[in-house]
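As stored in upload02.cif (mmCIF, C-alpha atoms):
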```cif
data_target
#
loop_
_atom_site.label_atom_id
_atom_site.label_comp_id
_atom_site.auth_asym_id
_atom_site.auth_seq_id
_atom_site.Cartn_x
_atom_site.Cartn_y
_atom_site.Cartn_z
CA MET C 97 7.64 -19.49 -18.30
CA GLN C 98 9.94 -16.48 -18.36
CA THR C 99 9.52 -14.26 -15.33
CA ILE C 100 10.30 -10.66 -14.42
CA THR C 101 11.34 -9.59 -10.92
CA LEU C 102 9.29 -6.79 -9.39
CA ASN C 103 10.77 -4.08 -7.17
CA ASN C 104 9.81 -6.01 -4.02
CA GLY C 105 11.53 -9.20 -5.22
CA LEU C 106 8.36 -10.98 -6.33
CA LYS C 107 8.72 -12.95 -9.57
CA MET C 108 5.92 -12.41 -12.08
CA PRO C 109 5.29 -14.25 -15.37
CA ILE C 110 6.04 -11.96 -18.29
CA LEU C 111 3.15 -13.46 -20.26
CA GLY C 112 -0.37 -13.88 -18.94
CA TYR C 113 -3.97 -14.18 -20.04
CA GLY C 114 -6.26 -11.16 -19.84
CA VAL C 115 -10.05 -11.38 -19.49
CA PHE C 116 -11.06 -7.83 -20.41
CA LEU C 117 -14.31 -7.98 -22.43
CA VAL C 118 -14.69 -11.71 -21.77
CA GLU C 119 -18.38 -12.23 -20.99
CA PRO C 120 -18.96 -13.37 -17.40
CA LYS C 121 -20.85 -16.47 -18.59
CA GLU C 122 -17.92 -17.41 -20.84
CA CYS C 123 -15.09 -16.47 -18.51
CA GLN C 124 -14.76 -19.76 -16.64
CA ARG C 125 -14.40 -21.74 -19.86
CA CYS C 126 -11.84 -19.29 -21.27
CA VAL C 127 -9.69 -19.30 -18.14
CA GLU C 128 -9.85 -23.09 -17.95
CA ASP C 129 -8.62 -23.21 -21.55
CA ALA C 130 -5.82 -20.76 -20.78
CA LEU C 131 -4.68 -22.78 -17.77
CA GLU C 132 -4.67 -25.95 -19.89
CA VAL C 133 -2.51 -24.23 -22.50
CA GLY C 134 -0.01 -23.34 -19.77
CA TYR C 135 -0.78 -19.79 -18.67
CA THR C 136 -0.26 -19.26 -14.96
CA MET C 137 -1.02 -15.52 -14.77
CA ILE C 138 -4.61 -14.34 -15.11
CA ASP C 139 -5.48 -10.65 -15.24
CA THR C 140 -9.00 -9.55 -14.28
CA ALA C 141 -10.63 -6.52 -12.65
CA GLN C 142 -13.63 -5.49 -10.62
CA ALA C 143 -14.95 -3.54 -13.61
CA TYR C 144 -14.79 -6.61 -15.87
CA PHE C 145 -17.55 -8.23 -13.80
CA ASN C 146 -16.00 -11.66 -14.29
CA GLU C 147 -13.90 -12.23 -11.17
CA GLU C 148 -16.29 -15.02 -10.17
CA GLY C 149 -15.62 -16.84 -13.44
CA VAL C 150 -11.88 -16.61 -12.90
CA GLY C 151 -12.29 -17.97 -9.38
CA ALA C 152 -14.47 -20.85 -10.54
CA ALA C 153 -11.93 -21.79 -13.21
CA ILE C 154 -9.08 -21.75 -10.73
CA LYS C 155 -11.00 -23.95 -8.32
CA ALA C 156 -11.97 -26.38 -11.07
CA SER C 157 -8.38 -26.61 -12.32
CA GLY C 158 -7.09 -28.16 -9.11
CA LEU C 159 -3.84 -26.21 -9.52
CA LYS C 160 -1.99 -25.23 -6.38
CA ARG C 161 -2.52 -21.58 -5.48
CA GLU C 162 1.22 -20.90 -5.31
CA LYS C 163 1.60 -21.98 -8.95
CA LEU C 164 -0.65 -19.13 -10.11
CA PHE C 165 -0.22 -15.36 -10.37
CA LEU C 166 -3.56 -13.56 -10.08
CA VAL C 167 -4.14 -9.89 -10.83
CA SER C 168 -7.17 -7.66 -10.23
CA LYS C 169 -7.90 -3.93 -10.10
CA VAL C 170 -9.90 -1.56 -7.91
CA TRP C 171 -12.48 0.35 -9.93
CA ILE C 172 -13.27 4.07 -9.70
CA SER C 173 -16.55 3.52 -7.85
CA ASN C 174 -14.61 1.72 -5.10
CA ALA C 175 -12.04 4.49 -4.71
CA GLY C 176 -11.15 5.91 -1.30
CA TYR C 177 -9.71 4.14 1.70
CA GLU C 178 -12.84 2.55 3.19
CA ARG C 179 -14.48 1.51 -0.09
CA ALA C 180 -11.24 0.21 -1.54
CA LYS C 181 -10.48 -1.77 1.61
CA LYS C 182 -13.90 -3.42 1.40
CA SER C 183 -13.60 -4.05 -2.33
CA ILE C 184 -10.29 -5.88 -1.91
CA ASP C 185 -11.99 -8.38 0.40
CA GLU C 186 -14.90 -8.67 -2.05
CA SER C 187 -12.50 -9.45 -4.91
CA LEU C 188 -10.78 -12.12 -2.83
CA ALA C 189 -14.15 -13.68 -2.04
CA LYS C 190 -15.25 -13.69 -5.68
CA LEU C 191 -11.94 -15.24 -6.72
CA GLN C 192 -12.15 -17.77 -3.85
CA ILE C 193 -8.59 -17.04 -2.74
CA ASP C 194 -6.82 -15.74 0.37
CA TYR C 195 -4.49 -13.34 -1.41
CA LEU C 196 -3.89 -11.64 -4.74
CA ASP C 197 -0.45 -11.61 -6.27
CA LEU C 198 -1.04 -8.12 -7.62
CA MET C 199 -3.73 -5.48 -7.12
CA LEU C 200 -3.82 -2.29 -9.16
CA ILE C 201 -5.70 0.99 -9.06
CA HIS C 202 -7.57 0.74 -12.36
CA GLN C 203 -7.86 4.43 -13.25
CA PRO C 204 -6.30 7.70 -11.97
CA PHE C 205 -9.65 9.18 -10.95
CA ASN C 206 -11.59 9.75 -7.71
CA ASP C 207 -9.67 9.38 -4.43
CA TYR C 208 -6.81 7.24 -5.67
CA TYR C 209 -4.67 8.29 -2.73
CA GLY C 210 -7.19 6.75 -0.34
CA THR C 211 -7.29 3.68 -2.55
CA TYR C 212 -3.52 3.38 -2.51
CA LYS C 213 -3.54 3.68 1.28
CA ALA C 214 -5.89 0.67 1.38
CA LEU C 215 -3.60 -1.24 -1.00
CA GLN C 216 -0.57 -0.53 1.15
CA GLU C 217 -2.39 -1.75 4.25
CA ALA C 218 -3.57 -4.93 2.51
CA TYR C 219 -0.02 -5.49 1.28
CA LYS C 220 1.33 -5.32 4.82
CA GLU C 221 -1.41 -7.72 5.95
CA GLY C 222 -0.42 -10.27 3.29
CA LYS C 223 -3.66 -9.99 1.30
CA LEU C 224 -1.71 -8.56 -1.64
CA LYS C 225 1.77 -9.71 -2.66
CA ALA C 226 2.37 -6.62 -4.79
CA ILE C 227 0.53 -3.37 -5.55
CA GLY C 228 0.51 -0.97 -8.44
CA LEU C 229 -1.31 1.23 -10.90
CA SER C 230 -3.07 1.16 -14.24
CA ASN C 231 -3.45 4.02 -16.71
CA PHE C 232 -1.31 6.44 -14.69
CA PHE C 233 0.49 8.68 -17.13
CA ALA C 234 3.78 10.28 -16.13
CA ASP C 235 2.30 13.33 -14.41
CA ARG C 236 0.02 11.46 -12.01
CA TYR C 237 2.49 8.61 -11.64
CA VAL C 238 5.25 11.00 -10.48
CA ASP C 239 2.85 12.81 -8.16
CA LEU C 240 1.75 9.60 -6.45
CA CYS C 241 5.26 8.15 -6.17
CA ASN C 242 6.42 11.20 -4.24
CA PHE C 243 3.77 10.82 -1.54
CA VAL C 244 3.41 7.09 -0.84
CA GLU C 245 5.34 4.70 1.36
CA ILE C 246 5.45 1.70 -0.98
CA LYS C 247 6.36 2.49 -4.57
CA PRO C 248 4.12 0.81 -7.18
CA ALA C 249 5.52 -2.41 -8.60
CA ILE C 250 3.53 -2.16 -11.85
CA ASN C 251 1.97 0.44 -14.09
CA GLN C 252 -0.37 -1.22 -16.58
CA MET C 253 -0.81 0.91 -19.69
CA GLU C 254 -1.96 0.67 -23.27
CA THR C 255 1.30 -0.54 -24.77
CA HIS C 256 1.86 -2.04 -28.20
CA ILE C 257 3.95 -1.50 -31.31
CA PHE C 258 2.04 1.66 -32.23
CA CYS C 259 2.05 3.09 -28.68
CA GLN C 260 5.26 2.15 -26.86
CA GLN C 261 5.02 4.53 -23.85
CA ASN C 262 8.50 5.93 -24.39
CA ALA C 263 7.67 9.17 -22.59
CA LEU C 264 6.65 7.25 -19.46
CA LYS C 265 9.45 4.68 -19.30
CA PRO C 266 12.21 6.94 -17.85
CA TYR C 267 9.96 7.87 -14.92
CA LEU C 268 9.07 4.24 -14.24
CA ALA C 269 12.78 3.51 -14.00
CA LYS C 270 13.45 6.56 -11.83
CA TYR C 271 10.90 5.75 -9.15
CA ASN C 272 12.08 2.41 -7.79
CA ASP C 273 11.95 0.51 -11.09
CA THR C 274 8.20 0.19 -11.63
CA LYS C 275 7.62 -2.39 -14.39
CA LEU C 276 5.51 -1.62 -17.43
CA MET C 277 2.63 -4.01 -18.08
CA SER C 278 0.82 -3.89 -21.41
CA TRP C 279 -2.90 -3.97 -21.96
CA SER C 280 -4.01 -4.50 -25.56
CA PRO C 281 -0.54 -5.65 -26.67
CA MET C 282 -1.92 -6.23 -30.18
CA ALA C 283 -3.73 -2.89 -30.36
CA ARG C 284 -7.04 -4.79 -30.53
CA GLY C 285 -6.39 -5.12 -34.25
CA GLU C 286 -6.53 -1.37 -34.88
CA GLN C 287 -4.47 0.31 -37.62
CA ASN C 288 -4.63 -2.88 -39.69
CA PHE C 289 -2.41 -4.57 -37.11
CA PHE C 290 -2.99 -8.19 -38.15
CA ASN C 291 -2.33 -7.41 -41.82
CA ASP C 292 0.46 -4.87 -41.40
CA GLU C 293 3.04 -5.84 -44.03
CA ARG C 294 5.94 -4.35 -42.06
CA ILE C 295 5.26 -6.69 -39.15
CA ALA C 296 4.43 -9.60 -41.45
CA LYS C 297 7.76 -9.27 -43.29
CA ILE C 298 9.60 -9.72 -40.01
CA GLY C 299 7.35 -12.62 -39.07
CA GLU C 300 8.23 -14.44 -42.29
CA LYS C 301 11.85 -14.71 -41.13
CA TYR C 302 10.82 -16.65 -38.04
CA ASN C 303 7.66 -18.34 -39.37
CA LYS C 304 5.62 -16.34 -36.86
CA SER C 305 2.38 -14.36 -37.07
CA ASN C 306 2.00 -10.62 -36.60
CA ALA C 307 0.60 -11.30 -33.13
CA GLN C 308 3.60 -13.40 -32.14
CA VAL C 309 6.07 -10.83 -33.46
CA ALA C 310 4.32 -8.03 -31.57
CA LEU C 311 4.23 -9.98 -28.32
CA ARG C 312 7.84 -11.04 -28.70
CA PHE C 313 8.86 -7.43 -29.28
CA LEU C 314 7.28 -6.33 -26.00
CA VAL C 315 8.72 -9.25 -24.05
CA GLN C 316 12.21 -8.49 -25.34
CA GLU C 317 11.69 -4.92 -24.14
CA GLY C 318 10.98 -6.29 -20.66
CA ILE C 319 7.28 -5.46 -20.86
CA ILE C 320 4.68 -7.79 -19.30
CA VAL C 321 1.89 -8.78 -21.69
CA ILE C 322 -1.65 -10.12 -21.17
CA PRO C 323 -3.19 -10.86 -24.59
CA LYS C 324 -6.91 -11.63 -24.60
CA THR C 325 -8.75 -14.07 -26.83
CA VAL C 326 -11.69 -16.43 -26.37
CA LYS C 327 -10.27 -18.99 -28.81
CA LYS C 328 -8.03 -21.73 -27.46
CA GLU C 329 -6.01 -21.97 -30.67
CA ARG C 330 -5.18 -18.25 -30.37
CA MET C 331 -4.21 -18.76 -26.73
CA LYS C 332 -1.74 -21.39 -27.93
CA GLU C 333 -0.41 -19.12 -30.66
CA ASN C 334 0.11 -16.25 -28.21
CA PHE C 335 1.89 -18.62 -25.84
CA GLU C 336 4.44 -19.70 -28.48
CA ILE C 337 6.74 -16.68 -28.36
CA PHE C 338 9.68 -18.06 -26.39
CA ASP C 339 11.20 -20.22 -29.13
CA PHE C 340 12.60 -17.34 -31.19
CA GLU C 341 14.30 -13.98 -30.69
CA LEU C 342 14.01 -10.86 -32.81
CA ASP C 343 17.38 -9.55 -33.97
CA SER C 344 18.51 -5.98 -33.34
CA ASN C 345 17.54 -4.81 -36.83
CA ASP C 346 14.01 -6.17 -36.46
CA MET C 347 13.72 -4.52 -33.05
CA GLN C 348 14.73 -1.15 -34.53
CA ILE C 349 12.18 -1.48 -37.33
CA LEU C 350 9.43 -2.22 -34.85
CA LYS C 351 10.50 0.63 -32.57
CA GLY C 352 10.08 2.88 -35.58
CA LEU C 353 6.37 2.06 -35.78
CA ASP C 354 5.66 3.95 -32.55
CA THR C 355 3.25 6.88 -32.98
CA GLY C 356 3.59 8.06 -29.39
CA LYS C 357 -0.17 8.17 -28.87
CA SER C 358 -3.13 5.94 -28.06
CA VAL C 359 -5.16 4.31 -30.79
CA PHE C 360 -8.21 4.09 -28.48
CA VAL C 361 -8.69 6.71 -25.78
CA ASN C 362 -7.46 10.00 -24.38
CA HIS C 363 -7.30 10.20 -20.58
CA TYR C 364 -7.02 13.98 -20.86
CA ASP C 365 -10.33 14.29 -22.75
CA PRO C 366 -13.06 15.48 -20.33
CA GLU C 367 -15.78 13.59 -22.22
CA PHE C 368 -13.85 10.34 -21.94
CA VAL C 369 -13.26 10.98 -18.23
CA GLU C 370 -16.98 11.59 -17.69
CA MET C 371 -17.81 8.39 -19.55
CA ILE C 372 -15.39 6.19 -17.67
CA ILE C 373 -16.31 7.62 -14.27
CA ASN C 374 -19.96 6.75 -14.95
CA TYR C 375 -19.11 3.24 -16.19
CA GLY C 376 -20.52 0.56 -13.94
CA LYS C 377 -22.66 2.92 -11.85
#
```

Take the structure in this file and express it as structure tokens.
Amino acid sequence: MQTITLNNGLKMPILGYGVFLVEPKECQRCVEDALEVGYTMIDTAQAYFNEEGVGAAIKASGLKREKLFLVSKVWISNAGYERAKKSIDESLAKLQIDYLDLMLIHQPFNDYYGTYKALQEAYKEGKLKAIGLSNFFADRYVDLCNFVEIKPAINQMETHIFCQQNALKPYLAKYNDTKLMSWSPMARGEQNFFNDERIAKIGEKYNKSNAQVALRFLVQEGIIVIPKTVKKERMKENFEIFDFELDSNDMQILKGLDTGKSVFVNHYDPEFVEMIINYGK
């Protein structure tokens, strides 16, 4: 598996398996399938309500802990130093592990400074091997980076062919080389993604699907990807992106598909903020 080196020297797989929207009752089976395919990085979150399923799958697999890279995220309702500190221990217990390879602040709302203080403390204690952010656009990312001791290793954002986060990337590089991690690397099928003829034409050259082309594009850009599927055959397909390389012309064509905006949500929309703050209450 190809890896990427984080700003603290930790090596992280560039391809993982994400369990967003995987039903808790189905999560163990899905993660077991992913591990069998060859995935070693699993991305979950407190707000996915399936950390227990991930933990059960890991235990059942018999794989050595050091062979895996596990990611979770602190939810808004657990924001603030004391709550976040407690929630980190709760996540570890649900996952049946002694440490997480990466813990992120899931959303830039509530007391995320207190949350980050808890992450920094847990990092120093060895409970977390790396810490970072999720959904922090450039303004809040720059603000936080100027007032914390340990710069975030990761910023996980909606990133795909139609939304390439080009406005954010220079700031990630500026502040201690924070790596970009993609959620929804296939745009959840929006904008006719799986049937887009522009992507398909490139895929024909390499005998690859639209999904494989899109994932390969992000990987070649140095972006970490965590595609989600509940079908083992799709897990295998998403895993088979290291046996070809897009040429420079193909890369330029795909870069040209960027719209510069989300196809799902707007973090600056007050109604969306109200909705997401109330999620899980």

Need the shell around segment 105-119 of chain C: protein/DNA/RNA residues with any atom at most 8 Å away, counting all atoms listed in the file. Skip same-chain ones fewer than 5 positions apart. Format as a list in words?
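Close residues of segment 105-119 of chain C: Met97, Gln98, Thr99, Ile100, Val127, Ala130, Tyr135, Thr136, Met137, Ile138, Asp139, Thr140, Ala141, Tyr144, Asn146, Phe165, Lys225, Ala226, Val315, Gly318, Ile319, Ile320, Val321, Ile322, Pro323, Lys324, Thr325, Val326 and Phe335 of chain C.
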
File of the preceding selection, C-alpha atoms, as a compact mmCIF listing (two decimals), in the frame of the given file:
```
# COMPACT_ATOMS: atom_id res chain seq x y z
CA MET C 97 7.64 -19.49 -18.30
CA GLN C 98 9.94 -16.48 -18.36
CA THR C 99 9.52 -14.26 -15.33
CA ILE C 100 10.30 -10.66 -14.42
CA VAL C 127 -9.69 -19.30 -18.14
CA ALA C 130 -5.82 -20.76 -20.78
CA TYR C 135 -0.78 -19.79 -18.67
CA THR C 136 -0.26 -19.26 -14.96
CA MET C 137 -1.02 -15.52 -14.77
CA ILE C 138 -4.61 -14.34 -15.11
CA ASP C 139 -5.48 -10.65 -15.24
CA THR C 140 -9.00 -9.55 -14.28
CA ALA C 141 -10.63 -6.52 -12.65
CA TYR C 144 -14.79 -6.61 -15.87
CA ASN C 146 -16.00 -11.66 -14.29
CA PHE C 165 -0.22 -15.36 -10.37
CA LYS C 225 1.77 -9.71 -2.66
CA ALA C 226 2.37 -6.62 -4.79
CA VAL C 315 8.72 -9.25 -24.05
CA GLY C 318 10.98 -6.29 -20.66
CA ILE C 319 7.28 -5.46 -20.86
CA ILE C 320 4.68 -7.79 -19.30
CA VAL C 321 1.89 -8.78 -21.69
CA ILE C 322 -1.65 -10.12 -21.17
CA PRO C 323 -3.19 -10.86 -24.59
CA LYS C 324 -6.91 -11.63 -24.60
CA THR C 325 -8.75 -14.07 -26.83
CA VAL C 326 -11.69 -16.43 -26.37
CA PHE C 335 1.89 -18.62 -25.84
```

Option closest in space to Gly352 of chain C, from C:Ile295, C:Leu191, C:Val133, C:Met282 [counting all atoms listed in the file]:
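Closest to Gly352 of chain C, using all atoms listed in the file: C:Ile295.
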
Name the residues in contact with Glu178 of chain C at a cut-off of 9 Å, using only C-alpha atoms, excluding same-chain residues fewer than 5 positions from it; report them as a ChimeraX atom specification.
/C:183,210-211,214

Hey, can you spit out that residue selection with C-alpha atoms as a short mmCIF file (atom, residue, chain, number, x, y, z; two decimals), in the frame of the given file?
```
data_model
loop_
_atom_site.label_atom_id
_atom_site.label_comp_id
_atom_site.auth_asym_id
_atom_site.auth_seq_id
_atom_site.Cartn_x
_atom_site.Cartn_y
_atom_site.Cartn_z
CA SER C 183 -13.60 -4.05 -2.33
CA GLY C 210 -7.19 6.75 -0.34
CA THR C 211 -7.29 3.68 -2.55
CA ALA C 214 -5.89 0.67 1.38
#
```

Which distance in Å separates atom CA of Phe145 of chain C and atom CA of Ile184 of chain C, to one decimal?
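Answer for the atom CA of Phe145 of chain C to atom CA of Ile184 of chain C separation: 14.1 Å.
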
Please expand the PyMOL selection byres ((chain C and resi 266-278) around 8) into the concrete residues it hits in this file, giving the result as number ranges by chain.
C: 102-103, 234, 238, 241, 247-256, 262-265, 279-281, 318-322

From the list C:Leu224, C:Tyr195, C:Val167, C:Ala143, the nearest residue to Ile373 of chain C using all atoms listed in the file is C:Ala143

Using the incomplete input, complete segment 345-358 of chain C to the level of N, CA and C atoms; output as a short mmCIF file (atom, residue, chain, number, x, y, z; two decimals), keeping the file's coordinate frame.
```
data_model
loop_
_atom_site.label_atom_id
_atom_site.label_comp_id
_atom_site.auth_asym_id
_atom_site.auth_seq_id
_atom_site.Cartn_x
_atom_site.Cartn_y
_atom_site.Cartn_z
N ASN C 345 18.10 -5.57 -35.70
CA ASN C 345 17.54 -4.81 -36.83
C ASN C 345 16.02 -4.86 -36.81
N ASP C 346 15.47 -6.03 -36.55
CA ASP C 346 14.01 -6.17 -36.46
C ASP C 346 13.46 -5.31 -35.32
N MET C 347 14.17 -5.31 -34.20
CA MET C 347 13.72 -4.52 -33.05
C MET C 347 13.69 -3.03 -33.41
N GLN C 348 14.69 -2.56 -34.14
CA GLN C 348 14.73 -1.15 -34.53
C GLN C 348 13.60 -0.80 -35.48
N ILE C 349 13.30 -1.71 -36.40
CA ILE C 349 12.18 -1.48 -37.33
C ILE C 349 10.87 -1.34 -36.56
N LEU C 350 10.67 -2.24 -35.62
CA LEU C 350 9.43 -2.22 -34.85
C LEU C 350 9.37 -1.00 -33.93
N LYS C 351 10.48 -0.59 -33.38
CA LYS C 351 10.50 0.63 -32.57
C LYS C 351 10.11 1.84 -33.41
N GLY C 352 10.41 1.77 -34.67
CA GLY C 352 10.08 2.88 -35.58
C GLY C 352 8.61 3.00 -35.91
N LEU C 353 7.81 2.01 -35.51
CA LEU C 353 6.37 2.06 -35.78
C LEU C 353 5.60 2.82 -34.70
N ASP C 354 6.29 3.24 -33.65
CA ASP C 354 5.66 3.95 -32.55
C ASP C 354 5.13 5.30 -33.01
N THR C 355 3.85 5.59 -32.66
CA THR C 355 3.25 6.88 -32.98
C THR C 355 3.27 7.81 -31.77
N GLY C 356 3.55 7.25 -30.60
CA GLY C 356 3.59 8.06 -29.39
C GLY C 356 2.22 8.44 -28.85
N LYS C 357 1.17 7.84 -29.36
CA LYS C 357 -0.17 8.17 -28.87
C LYS C 357 -1.08 6.94 -28.91
N SER C 358 -2.16 7.02 -28.15
CA SER C 358 -3.13 5.94 -28.06
C SER C 358 -3.88 5.76 -29.38
#
```
